[in-house]
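**Student:** What follows is protein_24.pdb, PDB, C-alpha atoms.
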ATOM      1  CA  VAL A   1      96.181  25.142 -51.055
ATOM      2  CA  ILE A   2      94.269  25.735 -47.839
ATOM      3  CA  LYS A   3      91.672  27.540 -49.927
ATOM      4  CA  TYR A   4      90.862  24.391 -51.899
ATOM      5  CA  GLY A   5      89.987  22.423 -48.791
ATOM      6  CA  LEU A   6      87.815  25.262 -47.553
ATOM      7  CA  ILE A   7      86.007  25.622 -50.869
ATOM      8  CA  CYS A   8      84.855  22.060 -51.426
ATOM      9  CA  ASP A   9      86.878  19.319 -49.728
ATOM     10  CA  ALA A  10      86.708  19.041 -45.943
ATOM     11  CA  ALA A  11      88.733  15.801 -46.056
ATOM     12  CA  PHE A  12      91.548  17.617 -47.879
ATOM     13  CA  PHE A  13      91.463  20.380 -45.265
ATOM     14  CA  ALA A  14      91.751  17.750 -42.509
ATOM     15  CA  TRP A  15      94.648  16.173 -44.409
ATOM     16  CA  LEU A  16      96.384  19.558 -44.477
ATOM     17  CA  GLU A  17      95.901  19.888 -40.722
ATOM     18  CA  ALA A  18      97.459  16.448 -40.191
ATOM     19  CA  HIS A  19     100.373  16.919 -42.611
ATOM     20  CA  MET A  20     101.254  20.618 -42.493
ATOM     21  CA  GLU A  21     104.688  20.043 -40.953
ATOM     22  CA  GLU A  22     105.583  17.655 -43.796
ATOM     23  CA  LEU A  23     104.512  20.303 -46.295
ATOM     24  CA  LEU A  24     106.481  23.032 -44.562
ATOM     25  CA  GLN A  25     109.547  20.764 -44.685
ATOM     26  CA  ALA A  26     108.916  20.241 -48.422
ATOM     27  CA  GLU A  27     108.500  16.468 -48.043
ATOM     28  CA  PRO A  28     108.150  15.271 -51.668
ATOM     29  CA  ALA A  29     105.222  12.850 -51.202
ATOM     30  CA  ALA A  30     103.217  15.433 -49.245
ATOM     31  CA  LEU A  31     103.945  18.135 -51.821
ATOM     32  CA  ALA A  32     102.959  15.820 -54.674
ATOM     33  CA  HIS A  33      99.646  15.008 -52.978
ATOM     34  CA  VAL A  34      98.848  18.670 -52.302
ATOM     35  CA  ILE A  35      99.754  19.812 -55.803
ATOM     36  CA  HIS A  36      97.740  17.015 -57.391
ATOM     37  CA  ARG A  37      94.633  17.572 -55.270
ATOM     38  CA  SER A  38      94.758  21.368 -55.607
ATOM     39  CA  CYS A  39      95.052  21.164 -59.409
ATOM     40  CA  GLN A  40      92.266  18.581 -59.488
ATOM     41  CA  ILE A  41      89.890  20.790 -57.493
ATOM     42  CA  LYS A  42      90.678  23.863 -59.579
ATOM     43  CA  ALA A  43      90.240  21.932 -62.839
ATOM     44  CA  GLU A  44      86.873  20.537 -61.687
ATOM     45  CA  ILE A  45      85.598  24.009 -60.792
ATOM     46  CA  VAL A  46      86.876  25.631 -63.987
ATOM     47  CA  ALA A  47      85.418  22.811 -66.102
ATOM     48  CA  ARG A  48      81.988  23.440 -64.551
ATOM     49  CA  ASP A  49      82.239  27.181 -65.231
ATOM     50  CA  GLU A  50      84.691  28.045 -67.998
ATOM     51  CA  ARG A  51      83.373  31.596 -68.448
ATOM     52  CA  GLU A  52      83.238  32.493 -64.727
ATOM     53  CA  THR A  53      79.494  32.985 -64.549
ATOM     54  CA  GLY A  54      78.909  30.920 -61.399
ATOM     55  CA  ASP A  55      80.928  28.424 -59.356
ATOM     56  CA  ARG A  56      84.294  29.569 -60.664
ATOM     57  CA  ALA A  57      83.995  32.633 -58.436
ATOM     58  CA  LEU A  58      84.368  30.250 -55.476
ATOM     59  CA  LEU A  59      88.094  30.237 -56.317
ATOM     60  CA  ASN A  60      88.068  33.834 -55.036
ATOM     61  CA  LEU A  61      87.475  32.738 -51.422
ATOM     62  CA  GLY A  62      89.419  35.200 -49.247
ATOM     63  CA  HIS A  63      90.309  37.396 -52.218
ATOM     64  CA  THR A  64      87.946  40.301 -51.566
ATOM     65  CA  PHE A  65      89.504  40.788 -48.134
ATOM     66  CA  GLY A  66      93.029  39.991 -49.323
ATOM     67  CA  HIS A  67      92.858  42.363 -52.282
ATOM     68  CA  ALA A  68      91.678  45.109 -49.918
ATOM     69  CA  VAL A  69      94.789  44.509 -47.800
ATOM     70  CA  GLU A  70      97.057  44.569 -50.831
ATOM     71  CA  SER A  71      95.632  47.757 -52.315
ATOM     72  CA  ALA A  72      95.355  49.561 -48.956
ATOM     73  CA  THR A  73      99.049  48.908 -48.302
ATOM     74  CA  GLY A  74     100.166  49.831 -51.812
ATOM     75  CA  TYR A  75     101.145  46.231 -52.614
ATOM     76  CA  LYS A  76     104.253  46.667 -50.478
ATOM     77  CA  GLU A  77     103.535  45.051 -47.128
ATOM     78  CA  TRP A  78     102.106  41.623 -47.961
ATOM     79  CA  LEU A  79     102.773  39.041 -50.644
ATOM     80  CA  HIS A  80      99.647  38.022 -52.546
ATOM     81  CA  GLY A  81      99.514  34.604 -50.885
ATOM     82  CA  GLU A  82      99.872  36.143 -47.442
ATOM     83  CA  ALA A  83      97.074  38.631 -48.015
ATOM     84  CA  ILE A  84      94.765  35.969 -49.432
ATOM     85  CA  GLY A  85      95.712  33.534 -46.655
ATOM     86  CA  GLY A  86      94.667  36.056 -44.037
ATOM     87  CA  GLY A  87      91.630  36.871 -46.160
ATOM     88  CA  LEU A  88      90.516  33.250 -45.807
ATOM     89  CA  LEU A  89      90.290  33.733 -42.062
ATOM     90  CA  VAL A  90      88.343  36.975 -42.448
ATOM     91  CA  ALA A  91      85.901  35.199 -44.804
ATOM     92  CA  ALA A  92      85.484  32.407 -42.262
ATOM     93  CA  ALA A  93      84.935  34.926 -39.466
ATOM     94  CA  MET A  94      82.384  36.776 -41.583
ATOM     95  CA  SER A  95      80.621  33.473 -42.155
ATOM     96  CA  ARG A  96      80.579  32.896 -38.395
ATOM     97  CA  GLU A  97      79.314  36.438 -37.809
ATOM     98  CA  CYS A  98      76.442  35.732 -40.215
ATOM     99  CA  GLY A  99      75.517  32.602 -38.262
ATOM    100  CA  LEU A 100      76.616  30.264 -41.037
ATOM    101  CA  LEU A 101      79.863  28.737 -39.758
ATOM    102  CA  GLN A 102      80.565  27.229 -36.372
ATOM    103  CA  ALA A 103      83.160  29.074 -34.265
ATOM    104  CA  ALA A 104      85.144  25.824 -33.902
ATOM    105  CA  GLU A 105      85.746  25.763 -37.658
ATOM    106  CA  VAL A 106      87.061  29.332 -37.583
ATOM    107  CA  VAL A 107      89.422  28.249 -34.792
ATOM    108  CA  ARG A 108      90.628  25.294 -36.883
ATOM    109  CA  LEU A 109      91.478  27.619 -39.765
ATOM    110  CA  HIS A 110      93.121  30.145 -37.435
ATOM    111  CA  LYS A 111      95.373  27.429 -35.978
ATOM    112  CA  LEU A 112      96.318  26.130 -39.411
ATOM    113  CA  LEU A 113      97.197  29.617 -40.657
ATOM    114  CA  GLU A 114      99.324  30.220 -37.567
ATOM    115  CA  ARG A 115     101.207  26.977 -38.200
ATOM    116  CA  THR A 116     101.985  28.091 -41.757
ATOM    117  CA  GLY A 117     103.066  31.574 -40.723
ATOM    118  CA  LEU A 118     100.236  33.232 -42.660
ATOM    119  CA  PRO A 119      98.688  36.368 -41.139
ATOM    120  CA  THR A 120      95.672  36.199 -38.884
ATOM    121  CA  HIS A 121      95.243  39.956 -38.406
ATOM    122  CA  PHE A 122      96.007  43.050 -40.467
ATOM    123  CA  ASP A 123      97.126  45.716 -37.991
ATOM    124  CA  SER A 124      98.271  48.219 -40.600
ATOM    125  CA  VAL A 125      94.907  48.505 -42.384
ATOM    126  CA  ALA A 126      92.033  50.291 -40.668
ATOM    127  CA  PRO A 127      88.626  48.608 -40.977
ATOM    128  CA  GLU A 128      87.296  51.662 -42.830
ATOM    129  CA  ALA A 129      90.163  51.517 -45.330
ATOM    130  CA  ALA A 130      89.553  47.817 -45.909
ATOM    131  CA  LEU A 131      85.884  48.489 -46.635
ATOM    132  CA  GLU A 132      86.746  51.368 -48.971
ATOM    133  CA  HIS A 133      89.032  49.094 -50.989
ATOM    134  CA  MET A 134      86.488  46.258 -50.951
ATOM    135  CA  ARG A 135      83.952  48.572 -52.569
ATOM    136  CA  ILE A 136      86.113  48.806 -55.695
ATOM    137  CA  ASP A 137      86.643  45.033 -55.973
ATOM    138  CA  LYS A 138      85.750  43.459 -59.327
ATOM    139  CA  LYS A 139      83.128  41.295 -57.626
ATOM    140  CA  VAL A 140      80.962  44.279 -56.630
ATOM    141  CA  GLN A 141      77.601  44.138 -58.418
ATOM    142  CA  SER A 142      74.951  46.842 -58.290
ATOM    143  CA  GLY A 143      76.833  48.522 -55.463
ATOM    144  CA  ARG A 144      76.849  45.372 -53.283
ATOM    145  CA  ILE A 145      80.088  43.673 -52.291
ATOM    146  CA  ARG A 146      79.787  39.998 -53.176
ATOM    147  CA  LEU A 147      81.540  37.658 -50.796
ATOM    148  CA  ILE A 148      82.420  33.998 -50.819
ATOM    149  CA  LEU A 149      81.149  32.671 -47.493
ATOM    150  CA  MET A 150      81.200  29.261 -45.834
ATOM    151  CA  ARG A 151      78.459  27.081 -44.385
ATOM    152  CA  LYS A 152      81.137  24.694 -43.141
ATOM    153  CA  ILE A 153      84.644  23.720 -44.137
ATOM    154  CA  GLY A 154      84.260  22.342 -47.648
ATOM    155  CA  ASP A 155      80.976  24.137 -48.386
ATOM    156  CA  THR A 156      81.162  27.669 -49.803
ATOM    157  CA  PHE A 157      78.799  29.899 -51.728
ATOM    158  CA  ILE A 158      78.681  33.363 -53.339
ATOM    159  CA  THR A 159      76.421  36.040 -51.901
ATOM    160  CA  ALA A 160      75.762  39.733 -51.617
ATOM    161  CA  ASP A 161      72.940  39.019 -49.165
ATOM    162  CA  TYR A 162      74.411  39.591 -45.717
ATOM    163  CA  ASP A 163      74.017  42.069 -42.894
ATOM    164  CA  PRO A 164      76.332  45.068 -43.452
ATOM    165  CA  ALA A 165      76.661  45.312 -39.661
ATOM    166  CA  ALA A 166      78.126  41.788 -39.640
ATOM    167  CA  LEU A 167      80.717  42.917 -42.173
ATOM    168  CA  ALA A 168      81.561  45.996 -40.082
ATOM    169  CA  ARG A 169      81.991  43.831 -36.957
ATOM    170  CA  THR A 170      84.206  41.362 -38.824
ATOM    171  CA  LEU A 171      86.417  44.090 -40.271
ATOM    172  CA  LYS A 172      86.785  45.662 -36.835
ATOM    173  CA  GLU A 173      87.883  42.293 -35.425
ATOM    174  CA  TYR A 174      90.559  41.560 -38.061
ATOM    175  CA  PHE A 175      91.766  44.960 -39.232
ATOM    176  CA  GLY A 176      93.483  47.860 -37.482
TER     177      GLY A 176
END
Using structure tokens, write down the structure from this file.

**Tutor:**
Amino acid sequence: VIKYGLICDAAFFAWLEAHMEELLQAEPAALAHVIHRSCQIKAEIVARDERETGDRALLNLGHTFGHAVESATGYKEWLHGEAIGGGLLVAAAMSRECGLLQAAEVVRLHKLLERTGLPTHFDSVAPEAALEHMRIDKKVQSGRIRLILMRKIGDTFITADYDPAALARTLKEYFG
């Protein structure tokens, strides 16, 4: 659900920050709100792009990094949600490294992930291994790894136009 706030709803992300303990305690009203808003966001995005030719790929925020973690560890070390959760932070850090996202917003996400118990670093995967697995991701086009990056919380976009050195620095920071 954190992903949905990051993709297109900064107010929802702020709500998650304010109510995470209620969610972790499975408070029914908080759960109902989160489920409703998450389904609403996903439905809006899918309705705009039923055939996944554009905006629907935004739903893959964090997935390129998370899938690299899963495949590099043989799908045995991390649950899918854990890998993608940590992948959200790597995507945010990559966005910061590219000069798109303010460091304070990366810190906000890092703190929220810590509160949920989601990973914020992948010690068991070397940066080189992560990159190798990212190169075989389904979102690679013409040999370029496409990433979902953030301009700010609630504002994401799809790109293959980034500095490869920024990606190498980001992987070194969060992997190994």

**Student:** Calculated over only C-alpha atoms, which of the candidates A:Leu100, A:Leu88, A:Cys39, A:Ala30 has the smallest distance to Leu16 (chain A)?

**Tutor:**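 Closest candidate: A:Ala30.
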
**Student:** From the options A:Ile35, A:Ala11, A:Ala104, A:Val125, which residue's atoms come nearest to His67 (chain A), counting all atoms listed in the file?

**Tutor:**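 Smallest distance to His67 (chain A) is found for A:Val125.
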
**Student:** Specify as an NGL selection string each residue included when the PyMOL selection byres ((chain A and resi 109) around 12) is applied to this file.

**Tutor:** :A and (2-3 or 5-6 or 10 or 13-14 or 16-17 or 85-93 or 101-108 or 110-116 or 118-120 or 152-154)

**Student:** Mind working out the centre and edge lengths of an axis-aligned box for region 27-40 of chain A, all listed atoms inside, 5 Å added to each side, rounded to one decimal in Å and written as lines of an AutoDock Vina configuration file?

**Tutor:**
center_x = 100.4
center_y = 17.1
center_z = -53.8
size_x = 26.2
size_y = 18.5
size_z = 21.4

**Student:** Might you spell out which residues the PyMOL selection byres ((chain A and resi 156) around 10) would select in the displayed file, as a ChimeraX atom specification?

**Tutor:** /A:6-8,55,58-59,61,92,95,148-155,157-159

**Student:** Rounded to one decimal, what separation in Å do you get between CA of Leu23 (chain A) and CA of Val46 (chain A)?

**Tutor:**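 Answer for the CA of Leu23 (chain A) to CA of Val46 (chain A) separation: 25.5 Å.
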
**Student:** Tell me, as a list of chain:residue names, which residues lie within 9 Å of Met134 (chain A), counting all atoms listed in the file; anything in the same chain fewer than 4 positions away does not count.

**Tutor:**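 Here the qualifying residues turn out to be A:Thr64, A:Phe65, A:His67, A:Ala68, A:Ala129, A:Ala130, A:Lys138, A:Lys139, A:Val140, A:Ile145.
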
**Student:** Between CA of Gly74 (chain A) and CA of Arg144 (chain A), measure the distance and give it in Å to one decimal.

**Tutor:**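 Taking CA of Gly74 (chain A) and CA of Arg144 (chain A), their separation equals 23.8 Å.
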
**Student:** With all atoms listed in the file as the atoms that count, which of A:His19, A:Lys42, A:Lys172, A:His63 lies nearest to His121 (chain A)?

**Tutor:**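 Ranking A:His19, A:Lys42, A:Lys172, A:His63 by distance to His121 (chain A), first place goes to A:Lys172.
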
**Student:** CA of Arg48 (chain A) and CA of His36 (chain A) are how many Å apart?

**Tutor:**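 Result for CA of Arg48 (chain A) versus CA of His36 (chain A): 18.5 Å, one decimal.
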
**Student:** Closest to Gln40 (chain A) among A:Phe12, A:Glu70, A:Tyr174, A:Pro28, using only C-alpha atoms?

**Tutor:**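 For Gln40 (chain A), the nearest of the candidates is A:Phe12.
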
**Student:** Write out as a list in words the residues lying within 8 Å of Ser124 (chain A), counting all atoms listed in the file and excluding same-chain residues fewer than 2 positions away.

**Tutor:** Thr73, Phe122, Ala126, Phe175 and Gly176 of chain A

**Student:** Which of these, A:Val69, A:Cys98, A:Asp9, A:Gly117, has the shortest distance to Glu21 (chain A) once you count only C-alpha atoms?

**Tutor:**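 Closest candidate: A:Gly117.
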
**Student:** Which is closest to Ala166 (chain A) among A:Ala47, A:Met94, A:Leu24, A:Ala72, if we use all atoms listed in the file?

**Tutor:**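 Of A:Ala47, A:Met94, A:Leu24, A:Ala72, the one nearest Ala166 (chain A) is A:Met94, counting all atoms listed in the file.
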